[in-house]
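Written below as structure tokens is the structure these notes are about.
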Amino acid sequence: MHRRQFIALGAAFMATPTLLRAEDAFRMRDFYEKDQSFTPLAKELQDERISVNGYMAPPLKADSTFFVLTKRPMAVCPFCETEAEWPDDIMAVYTQRVFRVVPFNRRITVTGVLSLGGYKDPETGFVSRVRLEKSTFELV
Amino acid sequence: MKPSILALAATMVATAATAQEIPQANNEWFTAAQDRIQQEIAKQPITNRAKNVIILIADGNGVGTNYATRLFAGQQAGGYGDEFVGPHEKFPYLALVKTYNTNAQTPDSAGTGTAMMAGVKTKAGVLGVNANAVRGDCSTVAGNELASISDILAAEGKSVGIISTARITHATPASAYSNSADRNWEGSVPEGCTQQTDIAQQLVAKMKDGTVDLAMGGGRRFFVSEGAQTDEGGKGRRKDGKDLIAELKGAGVQYAWNDETAGKLELSGKPILGLFEDSHMKYEADRADEPSLAQMTEMAIKSLSNNQNGFFLQIEAGRVDHANHAGNLARTVRDGIAFQEAIAIADELTNDEDTLIVVTADHEHAIAFNGYCGRGSDILGLCMDISNDKTENTGEPLLADDGKPYTVAGFLNGAGSVLTKQADGNYYGGRPEVTQEQAVDLEYLQQALIPKSSETHSGEDVAVYAKGPWAHLLEGTIEQNVIFHVMHHAATAN
């Protein structure tokens, strides 16, 4: 995608809430096999700009350009667990600019460039295996 | 009237009643119910001592959650769902159970597990200690410890097994072997706490002294030292630097960490530790390279059966609870089916004459069901209208007063709340539109009312189903700690 198209698309996503249809977006399970290896589709889409449905886990840091996308709202049971448990099948999302936090149980569609392989975030130390980079998102 | 005339009159009334033609007598519902009556009349309690005792607990599987799994299982089998009968629902004896903890109207799994394993109710959050203990206060453990049914039956010469799809150090399995002022002390105790060790160490101590012979579940992280790599590449959490898996291997305990290594275990009675995940085992819907609850049950019964004196086995479907906490009914019911498969294999591998099988839940959740849905409405999906001329629903979703369809099941609170946090910090919103396709998706969260990051337990009754020696003692509405006393009586009766 050319830079101009990319910027225009990003701006549109920020401005109009229903430009992208949620049903056209990928689901997290499209990228992971049950053994947590990548699906053929994930490998095929690597470095492509794609859209994925999910939920924004409460960000680790304020005023950030990074959040974790979960396939279900990240429910934490303080009675059952001493600490939050990250599920295996998540995506790290790096946004183009500092974003406004969305409630953890509000469905969103994120559009970004798919990146596969281990990466440790230098600021938070968060280790990810799948990322969407240069991302924007919209409420569904 | 003389007695003989009275008797004659009674006979005449009875004869007249049986001779009367009842027009619906050939209706299939009528004849099925007549068959049921005959089964009830023929039912005979078994009153010899139980050689083996098995308790299967689906965590959070109250009457409502069990209903959801029943419909899902029946619908998966191609039926409407309601008519499905789970393996435990064929058991001859049933009671309703009051699950509250001594200080909690809404119970937690530590207090409920202790009630079932030790025969006395106690506080929420504590394990194997009575209600004099204070949660989180290590100094209150001494003098308040309780003996669990597994301790007692091990002393009688029986083998003991504990299985869970949650961490093996989590509340329900831990209630069978530990005494702890806090359920969260799975891999460490607070500094200065000398009256108890952490829960993982308590399990290891019992495996070393032969009072627990088999333990299978998740929770590897609390058996491996902090920072050290676990079998699947994760990290251990033990701050004391101990490698409890190595300790047990050194003591002659067999160890497995995935389905392949589990397949190589000797089921000869030689002790077994199976730790199949660093934390909880996978939901059944996501399971890949680890054994199912039914497979673990089969391995356990085959191994423990080598003891001529019999065995005690606690089996927990731990993740029914977790999926409910997530508000994700699609995973709840799939783990519910995995639980039913474990019940079926436990029943198949044992004999009613010498094995008491108890099936129950520790507590219910804030799950509820909408109406008025027609037959065959997908239990995960939308509530479809009742047909006036057909058995099956019309295929048309019923609409609420807001003009939107709604699902059969919902939660009173949780992450699926229709009220979401807004930019001004307040919670408000409306019910999202939901299609059938969205509702039956594996990741869907049923709509809830009260916003909470995790859906809660509820204090509603659960059922207990039983078969085998002294199973008939489970009837009526009982306190949860009575379950221990039935198991204890069955295993020690003369």
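Labels for the structure tokens follow display order: chains A, B, ..., residues from 1 in each chain, ligands from 1.
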ask   = Mind listing as a count of residues only which residues of chain B are within 9 Å of chain A, counting only C-alpha atoms?
value = 33
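Secondary structure from DSSP on the backbone puts strand (DSSP E) at the following positions of stretch 256-419 of chain B: Ala256, Ile272, Leu273, Gly274, Leu275, Phe311, Phe312, Leu313, Gln314, Ile315, Glu316, Ala317, Thr355, Leu356, Ile357, Val358, Val359, Thr360, Glu364, His365, Ile367, Ala368, Phe369, Ala409, Gly410, Phe411, Leu412, Asn413 and Gly414 of chain B.
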For those residues, write N, CA and C atoms to a file as a tab-separated table (two decimals), in the first residue's frame.
```tsv
chain	number	residue	atom	x	y	z
B	256	ALA	N	4.93	-37.16	34.25
B	256	ALA	CA	4.53	-36.91	32.87
B	256	ALA	C	4.16	-35.45	32.72
B	272	ILE	N	2.40	-41.52	40.68
B	272	ILE	CA	2.42	-40.74	39.44
B	272	ILE	C	2.17	-39.26	39.74
B	273	LEU	N	2.99	-38.40	39.15
B	273	LEU	CA	2.72	-36.96	39.13
B	273	LEU	C	2.62	-36.55	37.67
B	274	GLY	N	1.49	-35.96	37.29
B	274	GLY	CA	1.32	-35.44	35.94
B	274	GLY	C	1.03	-33.96	36.02
B	275	LEU	N	1.92	-33.15	35.44
B	275	LEU	CA	1.71	-31.69	35.44
B	275	LEU	C	1.72	-31.24	33.98
B	311	PHE	N	-9.38	-47.60	46.79
B	311	PHE	CA	-8.82	-46.25	46.61
B	311	PHE	C	-9.86	-45.17	46.84
B	312	PHE	N	-9.35	-43.96	47.08
B	312	PHE	CA	-10.17	-42.74	47.06
B	312	PHE	C	-9.66	-41.88	45.93
B	313	LEU	N	-10.56	-41.35	45.13
B	313	LEU	CA	-10.16	-40.53	43.98
B	313	LEU	C	-11.05	-39.30	43.89
B	314	GLN	N	-10.41	-38.13	43.92
B	314	GLN	CA	-11.14	-36.88	43.68
B	314	GLN	C	-10.81	-36.39	42.27
B	315	ILE	N	-11.85	-36.11	41.49
B	315	ILE	CA	-11.67	-35.66	40.10
B	315	ILE	C	-12.38	-34.32	39.95
B	316	GLU	N	-11.64	-33.32	39.51
B	316	GLU	CA	-12.27	-32.00	39.35
B	316	GLU	C	-12.22	-31.54	37.89
B	317	ALA	N	-13.38	-31.14	37.36
B	317	ALA	CA	-13.43	-30.41	36.09
B	317	ALA	C	-13.35	-28.93	36.48
B	355	THR	N	-18.07	-49.77	44.65
B	355	THR	CA	-17.55	-48.41	44.43
B	355	THR	C	-18.65	-47.36	44.57
B	356	LEU	N	-18.48	-46.47	45.51
B	356	LEU	CA	-19.38	-45.33	45.65
B	356	LEU	C	-18.90	-44.23	44.70
B	357	ILE	N	-19.77	-43.80	43.81
B	357	ILE	CA	-19.44	-42.66	42.93
B	357	ILE	C	-20.37	-41.50	43.29
B	358	VAL	N	-19.76	-40.38	43.61
B	358	VAL	CA	-20.50	-39.16	43.95
B	358	VAL	C	-20.17	-38.11	42.90
B	359	VAL	N	-21.18	-37.51	42.31
B	359	VAL	CA	-20.98	-36.46	41.30
B	359	VAL	C	-21.65	-35.18	41.80
B	360	THR	N	-20.89	-34.11	41.85
B	360	THR	CA	-21.49	-32.87	42.36
B	360	THR	C	-20.75	-31.65	41.80
B	364	GLU	N	-22.62	-22.77	42.40
B	364	GLU	CA	-23.19	-22.35	41.12
B	364	GLU	C	-22.63	-20.97	40.74
B	365	HIS	N	-23.01	-20.50	39.58
B	365	HIS	CA	-22.61	-19.17	39.09
B	365	HIS	C	-23.84	-18.29	38.89
B	367	ILE	N	-25.49	-17.47	36.52
B	367	ILE	CA	-26.03	-17.79	35.19
B	367	ILE	C	-27.56	-17.86	35.29
B	368	ALA	N	-28.25	-17.47	34.22
B	368	ALA	CA	-29.71	-17.56	34.22
B	368	ALA	C	-30.19	-17.76	32.78
B	369	PHE	N	-31.46	-18.10	32.65
B	369	PHE	CA	-32.00	-18.48	31.34
B	369	PHE	C	-33.27	-17.71	31.03
B	409	ALA	N	-29.34	-18.03	27.18
B	409	ALA	CA	-28.64	-17.94	28.47
B	409	ALA	C	-28.03	-16.56	28.65
B	410	GLY	N	-27.88	-16.15	29.86
B	410	GLY	CA	-27.21	-14.89	30.16
B	410	GLY	C	-26.60	-14.96	31.55
B	411	PHE	N	-25.85	-13.95	31.89
B	411	PHE	CA	-25.26	-13.88	33.22
B	411	PHE	C	-25.73	-12.59	33.89
B	412	LEU	N	-25.88	-12.68	35.19
B	412	LEU	CA	-26.32	-11.50	35.93
B	412	LEU	C	-25.21	-10.46	36.01
B	413	ASN	N	-23.97	-10.90	35.98
B	413	ASN	CA	-22.85	-9.96	36.01
B	413	ASN	C	-21.69	-10.52	35.20
B	414	GLY	N	-20.65	-9.70	35.00
B	414	GLY	CA	-19.47	-10.20	34.31
B	414	GLY	C	-19.00	-9.32	33.18
```
So which residues touch stretch 125-134 of chain A within 12 Å, counting only C-alpha atoms, skipping near sequence neighbours fewer than 5 positions away, as an mmCIF file with C-alpha atoms, in the first residue's frame?
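Saved file result_19.cif follows:
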```cif
data_model
loop_
_atom_site.group_PDB
_atom_site.id
_atom_site.type_symbol
_atom_site.label_atom_id
_atom_site.label_comp_id
_atom_site.auth_asym_id
_atom_site.auth_seq_id
_atom_site.Cartn_x
_atom_site.Cartn_y
_atom_site.Cartn_z
ATOM 1 C CA ARG A 3 1.882 5.896 1.981
ATOM 2 C CA PHE A 6 -2.306 4.303 4.125
ATOM 3 C CA ILE A 7 -2.654 7.697 5.795
ATOM 4 C CA LEU A 9 -7.275 4.920 5.471
ATOM 5 C CA GLY A 10 -5.905 5.514 8.944
ATOM 6 C CA MET A 28 -7.595 -14.367 16.450
ATOM 7 C CA PHE A 31 -3.744 -17.239 13.198
ATOM 8 C CA TYR A 32 -3.118 -19.875 15.864
ATOM 9 C CA GLN A 36 0.019 -22.334 19.455
ATOM 10 C CA SER A 37 1.924 -22.705 16.183
ATOM 11 C CA PHE A 38 0.992 -20.310 13.371
ATOM 12 C CA THR A 39 -1.598 -21.326 10.818
ATOM 13 C CA ALA A 42 -0.955 -16.391 9.330
ATOM 14 C CA LYS A 43 2.230 -17.134 7.408
ATOM 15 C CA LEU A 45 -0.582 -12.824 5.529
ATOM 16 C CA GLN A 46 2.731 -11.905 7.146
ATOM 17 C CA ASP A 47 3.688 -8.288 6.399
ATOM 18 C CA GLU A 48 0.240 -7.627 4.906
ATOM 19 C CA ARG A 49 -2.089 -4.961 6.241
ATOM 20 C CA ILE A 50 -5.058 -6.808 7.695
ATOM 21 C CA SER A 51 -7.982 -6.324 10.104
ATOM 22 C CA VAL A 52 -8.605 -8.433 13.185
ATOM 23 C CA ASN A 53 -11.505 -8.461 15.663
ATOM 24 C CA PRO A 59 -3.125 -1.205 28.798
ATOM 25 C CA LEU A 60 0.000 -1.812 30.872
ATOM 26 C CA LYS A 61 0.994 1.843 30.589
ATOM 27 C CA THR A 65 1.124 3.213 21.537
ATOM 28 C CA PHE A 66 0.967 -0.411 22.650
ATOM 29 C CA PHE A 67 -1.833 -2.647 23.858
ATOM 30 C CA VAL A 68 -2.700 -6.324 23.898
ATOM 31 C CA LEU A 69 -5.557 -7.594 21.760
ATOM 32 C CA THR A 70 -7.413 -10.564 23.258
ATOM 33 C CA TRP A 86 -2.299 -13.709 29.851
ATOM 34 C CA PRO A 87 -3.853 -16.211 27.494
ATOM 35 C CA ASP A 88 -1.508 -17.863 24.979
ATOM 36 C CA ASP A 89 -3.306 -16.596 21.933
ATOM 37 C CA ILE A 90 -3.027 -12.832 21.969
ATOM 38 C CA MET A 91 -1.749 -10.159 19.621
ATOM 39 C CA ALA A 92 0.419 -7.205 20.514
ATOM 40 C CA VAL A 93 -0.852 -4.056 18.823
ATOM 41 C CA TYR A 94 1.372 -1.078 18.068
ATOM 42 C CA THR A 95 -0.613 1.971 17.073
ATOM 43 C CA GLN A 96 0.421 4.837 14.871
ATOM 44 C CA ARG A 97 -0.213 7.343 17.620
ATOM 45 C CA VAL A 98 -1.189 7.478 21.275
ATOM 46 C CA THR A 109 -11.513 -4.124 14.916
ATOM 47 C CA VAL A 110 -7.813 -3.405 14.587
ATOM 48 C CA THR A 111 -6.149 -2.822 11.238
ATOM 49 C CA GLY A 112 -2.385 -3.083 10.995
ATOM 50 C CA VAL A 113 0.565 -4.839 9.426
ATOM 51 C CA LEU A 114 0.877 -8.453 10.566
ATOM 52 C CA SER A 115 4.260 -9.332 12.004
ATOM 53 C CA LEU A 116 5.202 -12.820 13.222
ATOM 54 C CA GLY A 117 8.067 -14.008 15.449
ATOM 55 C CA GLY A 118 9.300 -13.396 18.987
ATOM 56 C CA TYR A 119 9.722 -9.767 20.087
ATOM 57 C CA LYS A 120 10.275 -8.195 23.493
#
```
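Atom CA of B:Ala200 is found 19.7 Å from atom CA of B:Thr140.
Our summary of the geometry notes that atom CA of B:Ala68 is positioned 24.6 Å from atom CA of B:Leu419.
The two atoms in question, atom CA of B:Arg70 and atom CA of B:Arg331, are spaced 13.7 Å apart.
Taking only C-alpha atoms into account, B:Ser268 lies nearest to B:Lys302 out of the set B:Gly241, B:Thr407, B:Lys302, B:Gln20.
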key: For B:Val141: contacts at 12 Å, only C-alpha atoms, fewer than 6 positions along chain excluded, given as a PyMOL selection string   = chain B and resi 126-135+178-182+193-197
query = stretch 99-314 of chain B: which residues are alpha helix (DSSP H) by DSSP, as a ChimeraX atom specification?
reply = /B:109-118,149-155,171-174,199-208,244-250,259-263,293-304
Would you output that residue set with C-alpha atoms, as a CSV table (one decimal), in the first residue's frame?
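Below is the file that was written, result25.csv:
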```
chain,number,residue,atom,x,y,z
B,109,SER,CA,-14.1,-23.3,46.2
B,110,ALA,CA,-11.7,-23.5,49.1
B,111,GLY,CA,-14.5,-23.4,51.7
B,112,THR,CA,-16.7,-25.7,49.7
B,113,GLY,CA,-13.9,-28.1,49.0
B,114,THR,CA,-13.1,-28.3,52.6
B,115,ALA,CA,-16.7,-29.0,53.5
B,116,MET,CA,-16.8,-32.0,51.1
B,117,MET,CA,-13.3,-33.3,52.0
B,118,ALA,CA,-13.3,-32.8,55.7
B,149,ILE,CA,-11.2,-37.9,53.6
B,150,SER,CA,-8.0,-38.8,51.7
B,151,ASP,CA,-5.9,-38.6,54.9
B,152,ILE,CA,-8.4,-40.8,56.7
B,153,LEU,CA,-8.8,-43.4,53.9
B,154,ALA,CA,-5.0,-43.5,53.2
B,155,ALA,CA,-4.6,-44.4,56.9
B,171,ALA,CA,-8.6,-24.7,45.7
B,172,THR,CA,-10.7,-27.9,45.0
B,173,PRO,CA,-7.8,-30.4,44.5
B,174,ALA,CA,-5.9,-28.8,47.3
B,199,ILE,CA,0.4,-26.0,49.0
B,200,ALA,CA,2.7,-27.6,46.4
B,201,GLN,CA,5.1,-28.6,49.1
B,202,GLN,CA,2.2,-30.2,51.1
B,203,LEU,CA,1.3,-32.3,48.1
B,204,VAL,CA,4.9,-33.4,47.6
B,205,ALA,CA,5.3,-34.3,51.2
B,206,LYS,CA,2.2,-36.5,51.0
B,207,MET,CA,3.4,-38.1,47.8
B,208,LYS,CA,6.7,-38.9,49.4
B,244,LEU,CA,9.9,-30.4,43.6
B,245,ILE,CA,9.5,-32.4,40.4
B,246,ALA,CA,13.1,-33.6,40.7
B,247,GLU,CA,12.5,-34.3,44.4
B,248,LEU,CA,9.6,-36.6,43.5
B,249,LYS,CA,11.4,-38.3,40.7
B,250,GLY,CA,14.2,-39.0,43.2
B,259,ASP,CA,0.0,-36.7,26.5
B,260,GLU,CA,3.0,-38.5,25.0
B,261,THR,CA,4.8,-38.9,28.3
B,262,ALA,CA,1.5,-39.7,30.0
B,263,GLY,CA,1.1,-42.5,27.5
B,293,LEU,CA,-10.2,-35.4,32.0
B,294,ALA,CA,-11.6,-38.8,30.9
B,295,GLN,CA,-8.1,-40.0,29.9
B,296,MET,CA,-6.7,-38.9,33.3
B,297,THR,CA,-9.6,-40.6,35.1
B,298,GLU,CA,-8.9,-43.8,33.2
B,299,MET,CA,-5.2,-43.8,34.0
B,300,ALA,CA,-5.9,-43.0,37.6
B,301,ILE,CA,-8.5,-45.8,38.1
B,302,LYS,CA,-6.3,-48.4,36.4
B,303,SER,CA,-3.3,-47.4,38.5
B,304,LEU,CA,-5.1,-47.1,41.8
```
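With only C-alpha atoms as the atoms that count, the residue of B:Val320, B:Ile386, B:Ile168, B:Ile450 with the shortest distance to B:Ile337 is B:Val320.
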